[in-house]
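Undergrad: Mind having a look at this structure? Questions to follow.
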Amino acid sequence: MALPGNLRRQPANRGLVSHCTHHHIVVFLLTFFSYSLLHASRKTFSNVKVSISSQWTPFCLNSTAPELQPYELCNSSHLFPNAEEAILFLGTLDTIFLFSYAVGLFVSGIVGDRLNLRWVLSFGMCSSALVVFFFGTLTEWLHFYNKWFYCCLWVVNGLLQSTGWPCVVAVMGNWFGKAGRGFVFGLWSACASVGNILGAFLASCVLKYGYEYAFLVTASVQFAGGVIVFFGLLTSPKEVGLPELGADEDDRVEEDAHRPLMGDDDADDDDRNYSIQATDTNDQPKAIGFFQACCLPGVVLYSLAYACLKMVNYSFFFWLPFYLSNNFGWKEAEADQLSIWYDVGGIIGGTIQGLISDVLQKRAPVLAISLLFAIGSLFGYSRSPNSKPINAVIMAITGFFIGGPSNMISSAISADLGRQDLVKSSSEALATVTGIVDGTGSIGAAVGQYLVSLIQENLKWTWVFYFFILMTSSTVLFISPLIVKEIKLLLHERRLRMLAE
């Protein structure tokens, strides 16, 4: 008994290996490191929070100020009367950045589907690097300290950095199809964690000279990366004469290999021939609208789930070095280096979980299992002893179960959603859908950063972790309809295979 085409499993790496060229490798590396550099500049801010809060408070209230500035300049940097208010403002800056970043993602996704992705990405990287330089380096060199100026710069930085993720995911979606997408995107989505590690390393190396040099180094590297992207990135295979994904419709094997996981297996042939896009005789298909993208199956549910999960993931990103320094009394440079283990866990988690989802050809059940383990790991990490090796191990485990699902939703699943049958595998939906998912996630993360600072100030760090557990549970709740649907499909496929044997 022959199995239906949608139940015949293809080797996860078959299409990938047979169509991989040196252009694919170059695109993988350029998009990987371009977003890594964007994240490195963000990580710098979280890594120097202790130094900045010391700089912004009176000389008599902190012990690090003499190392950061001459005594006669102390009064000029008194933005806040005490460290608590300085920390609260730093949390406010995180919130401001993420809100502007979220708004920018919705816009950047639409812009990326209509303009050249290489131009948009390069412009965002170079312009953001200049803003980071002004924020952290130039203001310190000029001894110019102003809360409103900092807020305005961080709003602009959020808008500019939002050009990164929709563009790099769209470019990757243009070059890599469904075959092995979970593994490829799981490995590739480690770019954020690698950027965090790079940012922590650069900051810890130059922090002894002053926090302004940490901003200077990361901004310089990011600007250089933007120039390289402008001259070297190929946004789609057609730029070098290679066929686009899904172009060979007569080859059924390749059609099965590139059909996205998000397609409805129960739909009839008439439904599969329907498309949101009108028939276009031009070679370049039209980009779908924002509301049309929101109506695609799974987009809203995954967006809401990602809002909760990104709130937790970005809280670790923004506050982990500060938590280690504040809660355990470890030196800031040591806390920066130790925080790397969370990202290491996320890299491994995203790759392994993406590979498992390729084998199952289902994403939601893999996410659910990982998030359930994440709840336990969060509870365990909240009770970590004052021991660096033990803390690092539990931190890596927590990153595995939280960072892994976060990477999958923001990359592989976003690509699946943007290449559904309803948009005829058009790449012109990829950036828009990615912007919606990541933009909604960033709104949740923005709210979360302010809540973390409030909870920490009033209820201490233990309650912050209880808040993380609540948000992780909410993530599972939002994708529960998709989990049930995909488990039913797995059981149905298993019954058909048993009948076919």
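Just so we're on the same page: first chain in the structure tokens is A, next is B, and so on; residues restart at 1 for each chain, and ligands are numbered from 1 in the order they show up.
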Apply DSSP to the backbone of this structure and, from range 89-270 of chain A, keep only the residues in helix (DSSP H, G or I); write these as a ChimeraX atom specification.
TA: /A:89-112,117-141,147-161,164-175,181-188,191-209,211-232,237-240,252-258,269-270
Undergrad: Nearest residue to Asn196 in chain A out of A:Pro321, A:Gly164, A:Gly226, A:Gly173, using only C-alpha atoms?
TA: A:Pro321
Undergrad: For range 230-245 of chain A, please output as a ChimeraX atom specification all residues within 7 Å (counting only C-alpha atoms; exclusion window: fewer than 2 positions along the same chain).
TA: /A:27,30,117-119,122,171,174-175,177,226-228,247
Undergrad: CA of Glu84 in chain A to CA of Ser53 in chain A: how many Å, to one decimal?
TA: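 CA of Ser53 in chain A lies at a distance of 8.7 Å from CA of Glu84 in chain A.
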Undergrad: Just to confirm, what's the straight-line distance from CA of Asp358 in chain A to CA of Val300 in chain A in Å (one decimal)?
TA: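 Rounded to one decimal, the two atoms are 22.6 Å apart.
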Undergrad: Ranking A:Leu202, A:Ile356, A:Ile409, A:Ala224 by minimum distance to Ala305 in chain A and counting only C-alpha atoms, which one comes first?
TA: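 Ranking A:Leu202, A:Ile356, A:Ile409, A:Ala224 by distance to Ala305 in chain A, first place goes to A:Ile409.
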Undergrad: Determine, counting only C-alpha atoms, which protein, DNA and RNA residues have an atom within 12 Å of an atom of Phe28 in chain A; residues of the same chain fewer than 2 positions away are not included. Present the result as a PDB file with C-alpha atoms, in the first residue's frame.
TA:
ATOM      1  CA  CYS A  20      24.157  23.392  -1.471  1.00  0.00           C
ATOM      2  CA  THR A  21      26.686  25.589  -3.273  1.00  0.00           C
ATOM      3  CA  HIS A  22      29.408  27.951  -2.122  1.00  0.00           C
ATOM      4  CA  HIS A  23      26.821  30.731  -2.486  1.00  0.00           C
ATOM      5  CA  HIS A  24      24.690  29.043   0.167  1.00  0.00           C
ATOM      6  CA  ILE A  25      27.663  28.903   2.511  1.00  0.00           C
ATOM      7  CA  VAL A  26      28.513  32.575   1.955  1.00  0.00           C
ATOM      8  CA  LEU A  30      27.112  36.672   6.136  1.00  0.00           C
ATOM      9  CA  THR A  31      23.584  36.632   7.556  1.00  0.00           C
ATOM     10  CA  PHE A  32      24.812  34.750  10.620  1.00  0.00           C
ATOM     11  CA  PHE A  33      27.521  37.237  11.517  1.00  0.00           C
ATOM     12  CA  SER A  34      25.552  40.335  10.514  1.00  0.00           C
ATOM     13  CA  TYR A  35      22.900  39.553  13.108  1.00  0.00           C
ATOM     14  CA  VAL A 168      18.263  37.913   7.478  1.00  0.00           C
ATOM     15  CA  VAL A 169      15.418  35.410   7.935  1.00  0.00           C
ATOM     16  CA  ALA A 170      13.963  36.377   4.536  1.00  0.00           C
ATOM     17  CA  VAL A 171      17.348  35.960   2.853  1.00  0.00           C
ATOM     18  CA  MET A 172      17.850  32.568   4.512  1.00  0.00           C
ATOM     19  CA  GLY A 173      14.319  31.581   3.502  1.00  0.00           C
ATOM     20  CA  ASN A 174      15.142  32.466  -0.103  1.00  0.00           C
ATOM     21  CA  TRP A 175      18.172  30.188  -0.124  1.00  0.00           C
ATOM     22  CA  PHE A 176      17.164  27.224   2.070  1.00  0.00           C
ATOM     23  CA  VAL A 184      19.794  24.530   9.321  1.00  0.00           C
ATOM     24  CA  PHE A 185      17.788  27.301  10.944  1.00  0.00           C
ATOM     25  CA  LEU A 187      22.131  26.008  13.779  1.00  0.00           C
ATOM     26  CA  TRP A 188      21.893  29.395  12.057  1.00  0.00           C
ATOM     27  CA  SER A 189      19.701  30.959  14.751  1.00  0.00           C
ATOM     28  CA  ALA A 190      22.640  30.545  17.111  1.00  0.00           C
ATOM     29  CA  CYS A 191      23.744  33.861  15.590  1.00  0.00           C
ATOM     30  CA  VAL A 229      27.087  43.009   3.858  1.00  0.00           C
ATOM     31  CA  GLY A 232      28.930  40.874  -0.460  1.00  0.00           C
ATOM     32  CA  LEU A 233      25.411  39.601   0.358  1.00  0.00           C
ATOM     33  CA  LEU A 234      23.284  37.852  -2.278  1.00  0.00           C
ATOM     34  CA  THR A 235      19.631  38.073  -1.314  1.00  0.00           C
ATOM     35  CA  SER A 236      18.274  35.282  -3.551  1.00  0.00           C
TER      36      SER A 236
END
Undergrad: Mind pulling up the distance from CA of Thr44 in chain A to CA of Trp461 in chain A?
TA: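 Calculated distance between CA of Trp461 in chain A and CA of Thr44 in chain A is 22.3 Å.
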Undergrad: For Ser414 in chain A, find every residue with an atom within 10 Å (counting only C-alpha atoms), except residues of its own chain fewer than 2 positions away, and show them as a VMD selection string.
TA: chain A and resid 166 169 to 170 173 262 298 to 299 302 to 303 408 to 412 416 to 419 430 to 438
Undergrad: Go through range 398-482 of chain A and flag each residue having an atom no more than 12 Å from range 322-338 of chain A; for those, report the closest pair of atoms plus their distance in Å to one decimal, using only C-alpha atoms, ordered by chain and rising number, as JSON lines.
TA:
{"residue": "A:Val452", "atom": "CA", "partner": "A:Tyr323", "partner_atom": "CA", "distance": 11.0}
{"residue": "A:Ser453", "atom": "CA", "partner": "A:Tyr323", "partner_atom": "CA", "distance": 10.9}
{"residue": "A:Gln456", "atom": "CA", "partner": "A:Tyr323", "partner_atom": "CA", "distance": 9.6}
{"residue": "A:Glu457", "atom": "CA", "partner": "A:Asn326", "partner_atom": "CA", "distance": 11.8}
{"residue": "A:Lys460", "atom": "CA", "partner": "A:Asn327", "partner_atom": "CA", "distance": 9.5}
{"residue": "A:Trp461", "atom": "CA", "partner": "A:Tyr323", "partner_atom": "CA", "distance": 8.0}
{"residue": "A:Thr462", "atom": "CA", "partner": "A:Asn327", "partner_atom": "CA", "distance": 10.5}
{"residue": "A:Val464", "atom": "CA", "partner": "A:Tyr323", "partner_atom": "CA", "distance": 10.6}
{"residue": "A:Phe465", "atom": "CA", "partner": "A:Tyr323", "partner_atom": "CA", "distance": 11.4}
Undergrad: May I have the selected residues written with N, CA, C and O atoms, as a PDB file, in the first residue's frame?
TA:
ATOM      1  N   VAL A 452      10.425  43.256  35.283  1.00  0.00           N
ATOM      2  CA  VAL A 452      11.550  42.635  35.992  1.00  0.00           C
ATOM      3  C   VAL A 452      12.187  43.626  36.958  1.00  0.00           C
ATOM      4  O   VAL A 452      12.470  43.293  38.120  1.00  0.00           O
ATOM      5  N   SER A 453      12.401  44.862  36.497  1.00  0.00           N
ATOM      6  CA  SER A 453      13.016  45.855  37.375  1.00  0.00           C
ATOM      7  C   SER A 453      12.117  46.187  38.560  1.00  0.00           C
ATOM      8  O   SER A 453      12.599  46.359  39.688  1.00  0.00           O
ATOM      9  N   GLN A 456      12.011  42.996  40.916  1.00  0.00           N
ATOM     10  CA  GLN A 456      13.290  42.855  41.621  1.00  0.00           C
ATOM     11  C   GLN A 456      13.436  43.878  42.736  1.00  0.00           C
ATOM     12  O   GLN A 456      13.937  43.571  43.819  1.00  0.00           O
ATOM     13  N   GLU A 457      12.959  45.088  42.484  1.00  0.00           N
ATOM     14  CA  GLU A 457      13.102  46.144  43.477  1.00  0.00           C
ATOM     15  C   GLU A 457      12.187  45.934  44.678  1.00  0.00           C
ATOM     16  O   GLU A 457      12.558  46.215  45.821  1.00  0.00           O
ATOM     17  N   LYS A 460      12.282  41.119  45.204  1.00  0.00           N
ATOM     18  CA  LYS A 460      13.555  40.416  45.094  1.00  0.00           C
ATOM     19  C   LYS A 460      13.539  39.398  43.953  1.00  0.00           C
ATOM     20  O   LYS A 460      12.532  39.137  43.322  1.00  0.00           O
ATOM     21  N   TRP A 461      14.700  38.775  43.737  1.00  0.00           N
ATOM     22  CA  TRP A 461      14.930  37.976  42.530  1.00  0.00           C
ATOM     23  C   TRP A 461      14.134  36.670  42.497  1.00  0.00           C
ATOM     24  O   TRP A 461      13.806  36.172  41.422  1.00  0.00           O
ATOM     25  N   THR A 462      13.813  36.090  43.636  1.00  0.00           N
ATOM     26  CA  THR A 462      13.057  34.831  43.633  1.00  0.00           C
ATOM     27  C   THR A 462      11.730  34.991  42.926  1.00  0.00           C
ATOM     28  O   THR A 462      11.301  34.120  42.144  1.00  0.00           O
ATOM     29  N   VAL A 464      11.091  37.142  40.632  1.00  0.00           N
ATOM     30  CA  VAL A 464      11.352  37.332  39.198  1.00  0.00           C
ATOM     31  C   VAL A 464      11.329  35.989  38.487  1.00  0.00           C
ATOM     32  O   VAL A 464      10.754  35.847  37.406  1.00  0.00           O
ATOM     33  N   PHE A 465      11.906  34.968  39.101  1.00  0.00           N
ATOM     34  CA  PHE A 465      11.908  33.640  38.490  1.00  0.00           C
ATOM     35  C   PHE A 465      10.510  33.019  38.495  1.00  0.00           C
ATOM     36  O   PHE A 465      10.158  32.273  37.571  1.00  0.00           O
TER      37      PHE A 465
END
Undergrad: Which is closer to Tyr466 in chain A than all the others in A:Ile375, A:Val221, A:Leu153, A:Ile348, using only C-alpha atoms?
TA: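 Among A:Ile375, A:Val221, A:Leu153, A:Ile348, it is A:Ile375 that comes nearest to Tyr466 in chain A.
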